[in-house]
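A.B. asks: Structure supplied as input_12.pdb; contents: PDB, C-alpha atoms.
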```
MODEL        1
ATOM      1  CA  MET N   1     157.686  76.870 135.463  1.00  0.00           C
ATOM      2  CA  ASP N   2     159.430  76.700 132.135  1.00  0.00           C
ATOM      3  CA  LEU N   3     159.172  72.907 131.767  1.00  0.00           C
ATOM      4  CA  ILE N   4     156.445  71.486 129.557  1.00  0.00           C
ATOM      5  CA  ARG N   5     155.497  67.817 129.374  1.00  0.00           C
ATOM      6  CA  LEU N   6     154.475  66.504 125.929  1.00  0.00           C
ATOM      7  CA  GLY N   7     153.755  62.821 126.333  1.00  0.00           C
ATOM      8  CA  GLU N   8     157.041  61.304 127.436  1.00  0.00           C
ATOM      9  CA  LYS N   9     159.083  64.375 126.460  1.00  0.00           C
ATOM     10  CA  ILE N  10     159.927  67.203 128.799  1.00  0.00           C
ATOM     11  CA  LEU N  11     160.698  70.500 127.068  1.00  0.00           C
ATOM     12  CA  SER N  12     162.378  73.606 128.394  1.00  0.00           C
ATOM     13  CA  ARG N  13     160.570  76.773 127.303  1.00  0.00           C
ATOM     14  CA  ARG N  14     163.691  78.754 128.247  1.00  0.00           C
ATOM     15  CA  LYS N  15     165.848  76.649 125.923  1.00  0.00           C
ATOM     16  CA  ILE N  16     163.345  77.089 123.064  1.00  0.00           C
ATOM     17  CA  ASP N  17     163.144  80.853 123.679  1.00  0.00           C
ATOM     18  CA  GLN N  18     166.957  81.118 123.669  1.00  0.00           C
ATOM     19  CA  ALA N  19     167.192  79.204 120.391  1.00  0.00           C
ATOM     20  CA  VAL N  20     164.509  81.375 118.750  1.00  0.00           C
ATOM     21  CA  ASN N  21     166.252  84.544 119.949  1.00  0.00           C
ATOM     22  CA  GLU N  22     169.576  83.298 118.616  1.00  0.00           C
ATOM     23  CA  ILE N  23     168.035  82.525 115.218  1.00  0.00           C
ATOM     24  CA  LEU N  24     166.450  85.976 114.993  1.00  0.00           C
ATOM     25  CA  ILE N  25     169.621  87.783 116.082  1.00  0.00           C
ATOM     26  CA  MET N  26     171.699  85.973 113.462  1.00  0.00           C
ATOM     27  CA  ARG N  27     169.115  86.665 110.737  1.00  0.00           C
ATOM     28  CA  ALA N  28     168.946  90.342 111.749  1.00  0.00           C
ATOM     29  CA  LYS N  29     172.750  90.504 111.412  1.00  0.00           C
ATOM     30  CA  GLY N  30     172.392  89.421 107.777  1.00  0.00           C
ATOM     31  CA  LEU N  31     173.141  85.702 107.896  1.00  0.00           C
ATOM     32  CA  SER N  32     171.143  83.610 105.431  1.00  0.00           C
ATOM     33  CA  GLN N  33     168.627  81.030 106.609  1.00  0.00           C
ATOM     34  CA  THR N  34     171.004  78.292 105.489  1.00  0.00           C
ATOM     35  CA  GLU N  35     173.946  79.793 107.413  1.00  0.00           C
ATOM     36  CA  VAL N  36     171.862  80.093 110.592  1.00  0.00           C
ATOM     37  CA  ALA N  37     170.554  76.555 110.245  1.00  0.00           C
ATOM     38  CA  THR N  38     174.062  75.166 109.729  1.00  0.00           C
ATOM     39  CA  ARG N  39     175.498  77.023 112.739  1.00  0.00           C
ATOM     40  CA  LEU N  40     172.714  75.827 115.036  1.00  0.00           C
ATOM     41  CA  GLY N  41     172.400  72.324 113.602  1.00  0.00           C
ATOM     42  CA  VAL N  42     168.741  72.716 112.601  1.00  0.00           C
ATOM     43  CA  ASP N  43     166.883  72.383 109.345  1.00  0.00           C
ATOM     44  CA  ARG N  44     166.708  75.518 107.167  1.00  0.00           C
ATOM     45  CA  THR N  45     162.931  75.085 106.880  1.00  0.00           C
ATOM     46  CA  LEU N  46     162.677  75.573 110.659  1.00  0.00           C
ATOM     47  CA  VAL N  47     164.250  79.015 110.282  1.00  0.00           C
ATOM     48  CA  SER N  48     161.929  79.833 107.387  1.00  0.00           C
ATOM     49  CA  ARG N  49     158.807  78.664 109.218  1.00  0.00           C
ATOM     50  CA  LEU N  50     159.793  80.568 112.344  1.00  0.00           C
ATOM     51  CA  GLU N  51     160.050  83.752 110.280  1.00  0.00           C
ATOM     52  CA  SER N  52     156.668  83.035 108.686  1.00  0.00           C
ATOM     53  CA  LEU N  53     155.058  82.608 112.111  1.00  0.00           C
ATOM     54  CA  GLY N  54     156.299  85.995 113.252  1.00  0.00           C
ATOM     55  CA  GLU N  55     155.823  87.926 110.021  1.00  0.00           C
ATOM     56  CA  ILE N  56     153.417  90.816 110.388  1.00  0.00           C
ATOM     57  CA  ARG N  57     153.332  91.854 106.752  1.00  0.00           C
ATOM     58  CA  LYS N  58     155.404  91.726 103.613  1.00  0.00           C
ATOM     59  CA  GLY N  59     154.383  95.176 102.468  1.00  0.00           C
ATOM     60  CA  ARG N  60     151.577  97.646 102.835  1.00  0.00           C
ATOM     61  CA  SER N  61     148.313  95.788 102.424  1.00  0.00           C
ATOM     62  CA  LEU N  62     145.625  97.744 100.598  1.00  0.00           C
ATOM     63  CA  ALA N  63     141.850  97.435 100.446  1.00  0.00           C
ATOM     64  CA  VAL N  64     139.621  99.396  98.068  1.00  0.00           C
ATOM     65  CA  VAL N  65     135.924  99.731  98.868  1.00  0.00           C
ATOM     66  CA  GLY N  66     133.510 101.638  96.683  1.00  0.00           C
ATOM     67  CA  PHE N  67     129.914 102.251  95.736  1.00  0.00           C
ATOM     68  CA  PRO N  68     127.867 103.023  93.681  1.00  0.00           C
ATOM     69  CA  ILE N  69     130.153 102.484  90.693  1.00  0.00           C
ATOM     70  CA  LEU N  70     128.957 102.332  87.099  1.00  0.00           C
ATOM     71  CA  ASN N  71     132.122 100.780  85.600  1.00  0.00           C
ATOM     72  CA  LYS N  72     132.931  98.521  88.542  1.00  0.00           C
ATOM     73  CA  GLU N  73     134.282  95.626  86.438  1.00  0.00           C
ATOM     74  CA  GLU N  74     136.697  97.940  84.622  1.00  0.00           C
ATOM     75  CA  VAL N  75     137.807  99.401  87.960  1.00  0.00           C
ATOM     76  CA  ARG N  76     138.108  95.911  89.508  1.00  0.00           C
ATOM     77  CA  GLU N  77     140.318  94.665  86.664  1.00  0.00           C
ATOM     78  CA  ALA N  78     142.571  97.717  86.933  1.00  0.00           C
ATOM     79  CA  LEU N  79     142.884  97.325  90.723  1.00  0.00           C
ATOM     80  CA  GLU N  80     143.646  93.605  90.380  1.00  0.00           C
ATOM     81  CA  GLY N  81     146.382  94.530  87.906  1.00  0.00           C
ATOM     82  CA  GLU N  82     147.903  96.787  90.585  1.00  0.00           C
ATOM     83  CA  GLY N  83     147.936  94.001  93.178  1.00  0.00           C
ATOM     84  CA  VAL N  84     145.275  95.466  95.479  1.00  0.00           C
ATOM     85  CA  ASP N  85     144.685  92.940  98.276  1.00  0.00           C
ATOM     86  CA  LEU N  86     140.918  93.416  98.755  1.00  0.00           C
ATOM     87  CA  ILE N  87     138.496  94.894  96.241  1.00  0.00           C
ATOM     88  CA  PHE N  88     134.872  95.398  97.340  1.00  0.00           C
ATOM     89  CA  LEU N  89     132.870  97.333  94.735  1.00  0.00           C
ATOM     90  CA  MET N  90     129.117  97.567  94.241  1.00  0.00           C
ATOM     91  CA  SER N  91     126.688  99.217  91.884  1.00  0.00           C
ATOM     92  CA  GLU N  92     123.657 101.048  93.287  1.00  0.00           C
ATOM     93  CA  LYS N  93     121.452  98.034  92.452  1.00  0.00           C
ATOM     94  CA  GLU N  94     123.843  95.637  94.236  1.00  0.00           C
ATOM     95  CA  ARG N  95     123.998  97.945  97.245  1.00  0.00           C
ATOM     96  CA  TRP N  96     120.206  97.859  97.630  1.00  0.00           C
ATOM     97  CA  GLU N  97     120.101  94.084  97.054  1.00  0.00           C
ATOM     98  CA  TYR N  98     122.749  93.679  99.788  1.00  0.00           C
ATOM     99  CA  LEU N  99     120.527  95.589 102.202  1.00  0.00           C
ATOM    100  CA  ARG N 100     117.238  94.026 101.103  1.00  0.00           C
ATOM    101  CA  ASP N 101     118.471  90.406 101.260  1.00  0.00           C
ATOM    102  CA  LYS N 102     119.435  90.540 104.953  1.00  0.00           C
ATOM    103  CA  SER N 103     117.466  90.694 108.179  1.00  0.00           C
ATOM    104  CA  GLY N 104     118.429  93.273 110.803  1.00  0.00           C
ATOM    105  CA  LEU N 105     120.745  91.005 112.796  1.00  0.00           C
ATOM    106  CA  THR N 106     122.264  89.391 109.698  1.00  0.00           C
ATOM    107  CA  LEU N 107     122.878  92.827 108.170  1.00  0.00           C
ATOM    108  CA  PHE N 108     124.462  94.092 111.397  1.00  0.00           C
ATOM    109  CA  ASP N 109     126.723  91.015 111.637  1.00  0.00           C
ATOM    110  CA  SER N 110     127.732  91.356 107.986  1.00  0.00           C
ATOM    111  CA  ILE N 111     128.641  95.031 108.406  1.00  0.00           C
ATOM    112  CA  MET N 112     130.626  94.273 111.585  1.00  0.00           C
ATOM    113  CA  GLU N 113     132.533  91.469 109.807  1.00  0.00           C
ATOM    114  CA  THR N 114     133.367  93.840 106.944  1.00  0.00           C
ATOM    115  CA  ILE N 115     134.621  96.501 109.383  1.00  0.00           C
ATOM    116  CA  ALA N 116     136.744  93.925 111.218  1.00  0.00           C
ATOM    117  CA  MET N 117     138.187  92.714 107.914  1.00  0.00           C
ATOM    118  CA  LEU N 118     139.036  96.276 106.821  1.00  0.00           C
ATOM    119  CA  HIS N 119     140.851  96.859 110.126  1.00  0.00           C
ATOM    120  CA  SER N 120     143.409  94.222 109.108  1.00  0.00           C
ATOM    121  CA  PHE N 121     144.620  96.308 106.163  1.00  0.00           C
ATOM    122  CA  ASP N 122     147.356  98.922 106.427  1.00  0.00           C
ATOM    123  CA  GLN N 123     145.551 101.266 104.073  1.00  0.00           C
ATOM    124  CA  VAL N 124     141.940 101.593 102.940  1.00  0.00           C
ATOM    125  CA  VAL N 125     140.718 103.554  99.926  1.00  0.00           C
ATOM    126  CA  MET N 126     137.035 104.486 100.011  1.00  0.00           C
ATOM    127  CA  ILE N 127     135.388 105.373  96.700  1.00  0.00           C
ATOM    128  CA  GLY N 128     132.055 107.020  97.409  1.00  0.00           C
ATOM    129  CA  SER N 129     130.226 110.091  98.602  1.00  0.00           C
ATOM    130  CA  ASN N 130     131.749 112.663 100.918  1.00  0.00           C
ATOM    131  CA  LYS N 131     129.515 111.355 103.735  1.00  0.00           C
ATOM    132  CA  ARG N 132     130.456 107.678 103.261  1.00  0.00           C
ATOM    133  CA  ILE N 133     134.156 108.563 103.238  1.00  0.00           C
ATOM    134  CA  LYS N 134     133.795 110.428 106.558  1.00  0.00           C
ATOM    135  CA  ILE N 135     131.865 107.501 108.081  1.00  0.00           C
ATOM    136  CA  ILE N 136     134.527 104.961 107.072  1.00  0.00           C
ATOM    137  CA  GLU N 137     137.273 107.210 108.458  1.00  0.00           C
ATOM    138  CA  ALA N 138     135.450 107.459 111.787  1.00  0.00           C
ATOM    139  CA  VAL N 139     134.557 103.771 112.047  1.00  0.00           C
ATOM    140  CA  LEU N 140     137.981 102.427 111.096  1.00  0.00           C
ATOM    141  CA  ASP N 141     139.877 105.028 113.126  1.00  0.00           C
ATOM    142  CA  LYS N 142     142.847 104.666 110.775  1.00  0.00           C
ATOM    143  CA  GLU N 143     144.189 106.321 107.696  1.00  0.00           C
ATOM    144  CA  VAL N 144     141.560 106.177 104.976  1.00  0.00           C
ATOM    145  CA  VAL N 145     142.105 107.737 101.580  1.00  0.00           C
ATOM    146  CA  GLY N 146     138.900 109.109 100.147  1.00  0.00           C
ATOM    147  CA  PHE N 147     138.135 109.109  96.439  1.00  0.00           C
ATOM    148  CA  GLU N 148     134.997 111.216  96.244  1.00  0.00           C
ATOM    149  CA  ILE N 149     132.575 110.561  93.386  1.00  0.00           C
ATOM    150  CA  GLY N 150     129.792 112.878  94.500  1.00  0.00           C
ATOM    151  CA  GLU N 151     127.867 114.563  97.272  1.00  0.00           C
ATOM    152  CA  SER N 152     125.729 112.423  99.553  1.00  0.00           C
ATOM    153  CA  PRO N 153     123.256 110.977  98.932  1.00  0.00           C
ATOM    154  CA  ILE N 154     124.364 109.383  95.669  1.00  0.00           C
ATOM    155  CA  GLN N 155     121.396 107.564  94.195  1.00  0.00           C
ATOM    156  CA  GLU N 156     122.787 106.426  90.854  1.00  0.00           C
ATOM    157  CA  ASP N 157     125.937 104.682  89.665  1.00  0.00           C
ATOM    158  CA  LYS N 158     128.891 106.998  89.083  1.00  0.00           C
ATOM    159  CA  TYR N 159     131.626 106.528  86.507  1.00  0.00           C
ATOM    160  CA  VAL N 160     135.090 106.254  88.078  1.00  0.00           C
ATOM    161  CA  GLU N 161     138.068 107.412  86.018  1.00  0.00           C
ATOM    162  CA  THR N 162     140.217 104.265  86.103  1.00  0.00           C
ATOM    163  CA  GLU N 163     143.414 106.223  85.430  1.00  0.00           C
ATOM    164  CA  ASN N 164     142.794 108.425  88.482  1.00  0.00           C
ATOM    165  CA  ILE N 165     142.152 105.532  90.888  1.00  0.00           C
ATOM    166  CA  ILE N 166     145.242 103.673  89.578  1.00  0.00           C
ATOM    167  CA  GLU N 167     147.346 106.822  90.034  1.00  0.00           C
ATOM    168  CA  LEU N 168     146.097 107.014  93.638  1.00  0.00           C
ATOM    169  CA  VAL N 169     146.840 103.323  94.314  1.00  0.00           C
ATOM    170  CA  ARG N 170     150.355 103.660  92.894  1.00  0.00           C
ATOM    171  CA  ALA N 171     151.017 106.706  95.062  1.00  0.00           C
ATOM    172  CA  ILE N 172     149.858 104.803  98.165  1.00  0.00           C
ATOM    173  CA  LYS N 173     151.855 101.680  97.390  1.00  0.00           C
ATOM    174  CA  GLY N 174     154.948 103.803  96.705  1.00  0.00           C
TER     175      GLY N 174
ENDMDL
END
```
Mind converting the file's structure to C-alpha cells?

C.D. replies:
Amino acid sequence: MDLIRLGEKILSRRKIDQAVNEILIMRAKGLSQTEVATRLGVDRTLVSRLESLGEIRKGRSLAVVGFPILNKEEVREALEGEGVDLIFLMSEKERWEYLRDKSGLTLFDSIMETIAMLHSFDQVVMIGSNKRIKIIEAVLDKEVVGFEIGESPIQEDKYVETENIIELVRAIKG
C-alpha cells in the first residue's frame, strides 16, 4: 500500500515519489534549484536538501595511510594542504604503542573499524613496505596506490620525500 499514516495525516508515497522524480528530472535538464522550486510551488531548500540526501560524493575522496614515517608531521601538513580527506600516519614507535596498548579483541575491532572506514573512500594511498601495500590491496579489494618506502619488514622510521607524495596525490585527484 502506498498510503502512510502520520498522526492525523495520510500521505501518498506515490505522490511523494512522483514529486521527487519531477524535481530530479528538472534539475538534470539544467534548471536551477530556484526555478524548480518555483515551478512546483515548494521551497528552494527542499530541493537542496533532497539533493544532499541523495548525493554520493562531491569528488574523489582520498585517504592516505602510512607507516613507519620519520617526517610524518611534515607529510601530514603537506597532505592537509592538498585536501586529503583522511590522513593516518604513524612512526615505528607509535605503531608498536598502538599494538601494545590493545588487547586481542580490542585490537581486532580497531583494525576492522579502520578497514571499514577505508572502504568508504574512492581512493587509498598506502605508504609502507611492499608487503603492507599488498596486504591493504587484498583486504580492501579496491584500487590502492602504493608508495613503497622499503622492503618488509621495515623496523625503523623512513623519510618520505614530501614532493613525491604530493605529486602522487595531485595525479590521483586530477

A.B. asks: Suppose you want the space between atom CA of Gly54 of chain N and atom CA of Asp17 of chain N; what is it in Å?

C.D. replies: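 According to the coordinates, atom CA of Gly54 of chain N and atom CA of Asp17 of chain N are separated by 13.5 Å.
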
A.B. asks: Which residue gives the smallest distance to Glu80 of chain N among N:Leu62, N:Arg95, N:Ile23, N:Gly150, with only C-alpha atoms counted?

C.D. replies: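 Using only C-alpha atoms, the shortest distance to Glu80 of chain N belongs to N:Leu62.
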
A.B. asks: Would you mind telling me which residue in N:Arg13, N:His119, N:Arg60, N:Arg49 lies nearest to Asp85 of chain N when using all atoms listed in the file?

C.D. replies: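 Using all atoms listed in the file, the shortest distance to Asp85 of chain N belongs to N:Arg60.
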
A.B. asks: Of the residues N:Glu156, N:Glu51, N:Asp2, N:Asp43, which is the one nearest to Val20 of chain N, using all atoms listed in the file?

C.D. replies: N:Glu51

A.B. asks: In Å, with one decimal, what is the gap from atom CA of Asp157 of chain N to atom CA of Ile69 of chain N?

C.D. replies: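 Separation of atom CA of Asp157 of chain N and atom CA of Ile69 of chain N: 4.9 Å.
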
A.B. asks: Put segment 27-74 of chain N into a file with N, CA and C atoms, as a compact mmCIF listing (two decimals), in the first residue's frame.

C.D. replies:
```
# COMPACT_ATOMS: atom_id res chain seq x y z
N ARG N 27 16.11 19.20 -12.55
CA ARG N 27 17.49 19.58 -12.20
C ARG N 27 18.47 18.98 -13.20
N ALA N 28 18.23 17.74 -13.62
CA ALA N 28 19.11 17.09 -14.60
C ALA N 28 19.05 17.80 -15.95
N LYS N 29 17.93 18.45 -16.25
CA LYS N 29 17.79 19.19 -17.51
C LYS N 29 18.45 20.57 -17.42
N GLY N 30 18.97 20.92 -16.25
CA GLY N 30 19.72 22.17 -16.12
C GLY N 30 19.00 23.30 -15.43
N LEU N 31 17.76 23.08 -14.97
CA LEU N 31 17.06 24.14 -14.25
C LEU N 31 17.72 24.35 -12.89
N SER N 32 17.73 25.59 -12.43
CA SER N 32 18.30 25.88 -11.11
C SER N 32 17.36 25.39 -10.02
N GLN N 33 17.88 25.30 -8.81
CA GLN N 33 17.04 24.91 -7.67
C GLN N 33 15.88 25.87 -7.50
N THR N 34 16.15 27.15 -7.67
CA THR N 34 15.10 28.16 -7.53
C THR N 34 14.02 28.00 -8.60
N GLU N 35 14.43 27.75 -9.84
CA GLU N 35 13.45 27.56 -10.92
C GLU N 35 12.57 26.33 -10.66
N VAL N 36 13.18 25.25 -10.21
CA VAL N 36 12.42 24.03 -9.92
C VAL N 36 11.44 24.29 -8.78
N ALA N 37 11.92 24.93 -7.74
CA ALA N 37 11.07 25.22 -6.58
C ALA N 37 9.88 26.08 -6.98
N THR N 38 10.13 27.10 -7.78
CA THR N 38 9.05 27.99 -8.23
C THR N 38 8.02 27.23 -9.05
N ARG N 39 8.47 26.42 -9.99
CA ARG N 39 7.55 25.67 -10.86
C ARG N 39 6.68 24.69 -10.07
N LEU N 40 7.25 24.11 -9.02
CA LEU N 40 6.50 23.11 -8.25
C LEU N 40 5.82 23.69 -7.00
N GLY N 41 6.09 24.95 -6.71
CA GLY N 41 5.47 25.58 -5.56
C GLY N 41 6.01 25.06 -4.23
N VAL N 42 7.32 24.75 -4.21
CA VAL N 42 7.96 24.29 -2.97
C VAL N 42 9.10 25.24 -2.63
N ASP N 43 9.62 25.08 -1.45
CA ASP N 43 10.73 25.90 -1.00
C ASP N 43 12.03 25.43 -1.66
N ARG N 44 12.90 26.36 -2.06
CA ARG N 44 14.16 26.00 -2.69
C ARG N 44 15.01 25.11 -1.79
N THR N 45 14.93 25.31 -0.47
CA THR N 45 15.73 24.50 0.45
C THR N 45 15.31 23.03 0.40
N LEU N 46 14.05 22.75 0.05
CA LEU N 46 13.61 21.37 -0.11
C LEU N 46 14.38 20.71 -1.25
N VAL N 47 14.53 21.42 -2.35
CA VAL N 47 15.27 20.89 -3.50
C VAL N 47 16.72 20.65 -3.10
N SER N 48 17.31 21.60 -2.41
CA SER N 48 18.70 21.48 -1.98
C SER N 48 18.89 20.30 -1.03
N ARG N 49 18.00 20.18 -0.06
CA ARG N 49 18.12 19.08 0.91
C ARG N 49 17.89 17.73 0.26
N LEU N 50 17.00 17.66 -0.69
CA LEU N 50 16.76 16.42 -1.42
C LEU N 50 18.04 15.99 -2.14
N GLU N 51 18.70 16.95 -2.79
CA GLU N 51 19.96 16.64 -3.47
C GLU N 51 21.02 16.18 -2.47
N SER N 52 21.07 16.82 -1.32
CA SER N 52 22.05 16.43 -0.30
C SER N 52 21.80 15.00 0.20
N LEU N 53 20.53 14.64 0.35
CA LEU N 53 20.20 13.28 0.80
C LEU N 53 20.68 12.22 -0.19
N GLY N 54 20.60 12.53 -1.47
CA GLY N 54 20.95 11.55 -2.48
C GLY N 54 22.38 11.61 -2.96
N GLU N 55 23.13 12.63 -2.52
CA GLU N 55 24.49 12.82 -3.03
C GLU N 55 25.40 11.69 -2.56
N ILE N 56 26.09 11.10 -3.49
CA ILE N 56 27.03 10.03 -3.17
C ILE N 56 28.38 10.62 -2.82
N ARG N 57 28.86 11.54 -3.65
CA ARG N 57 30.13 12.20 -3.38
C ARG N 57 30.24 13.45 -4.22
N LYS N 58 31.03 14.38 -3.76
CA LYS N 58 31.25 15.61 -4.49
C LYS N 58 32.47 15.49 -5.39
N GLY N 59 33.32 14.59 -5.10
CA GLY N 59 34.54 14.39 -5.87
C GLY N 59 35.17 13.09 -5.39
N ARG N 60 36.34 12.80 -5.87
CA ARG N 60 37.01 11.59 -5.44
C ARG N 60 37.55 11.79 -4.03
N SER N 61 37.07 10.98 -3.10
CA SER N 61 37.57 11.08 -1.74
C SER N 61 38.86 10.26 -1.64
N LEU N 62 39.80 10.77 -0.87
CA LEU N 62 41.14 10.18 -0.81
C LEU N 62 41.60 10.01 0.63
N ALA N 63 42.08 8.81 0.93
CA ALA N 63 42.69 8.52 2.23
C ALA N 63 44.15 8.17 2.00
N VAL N 64 45.01 8.63 2.91
CA VAL N 64 46.43 8.26 2.87
C VAL N 64 46.78 7.64 4.20
N VAL N 65 47.30 6.41 4.13
CA VAL N 65 47.70 5.66 5.32
C VAL N 65 49.18 5.34 5.16
N GLY N 66 49.94 5.50 6.24
CA GLY N 66 51.36 5.19 6.11
C GLY N 66 52.07 4.97 7.42
N PHE N 67 53.04 4.05 7.36
CA PHE N 67 53.92 3.79 8.50
C PHE N 67 55.07 2.92 8.06
N PRO N 68 56.18 2.98 8.72
CA PRO N 68 56.64 3.92 9.75
C PRO N 68 57.33 5.12 9.09
N ILE N 69 56.87 6.30 9.41
CA ILE N 69 57.32 7.52 8.73
C ILE N 69 58.07 8.43 9.70
N LEU N 70 59.29 8.78 9.31
CA LEU N 70 60.15 9.63 10.12
C LEU N 70 59.62 11.06 10.18
N ASN N 71 59.27 11.63 9.04
CA ASN N 71 58.84 13.03 8.95
C ASN N 71 57.32 13.13 8.79
N LYS N 72 56.61 12.40 9.66
CA LYS N 72 55.15 12.29 9.50
C LYS N 72 54.43 13.62 9.63
N GLU N 73 54.90 14.53 10.48
CA GLU N 73 54.22 15.82 10.62
C GLU N 73 54.38 16.67 9.37
N GLU N 74 55.55 16.62 8.77
CA GLU N 74 55.79 17.34 7.51
C GLU N 74 54.90 16.76 6.41
```
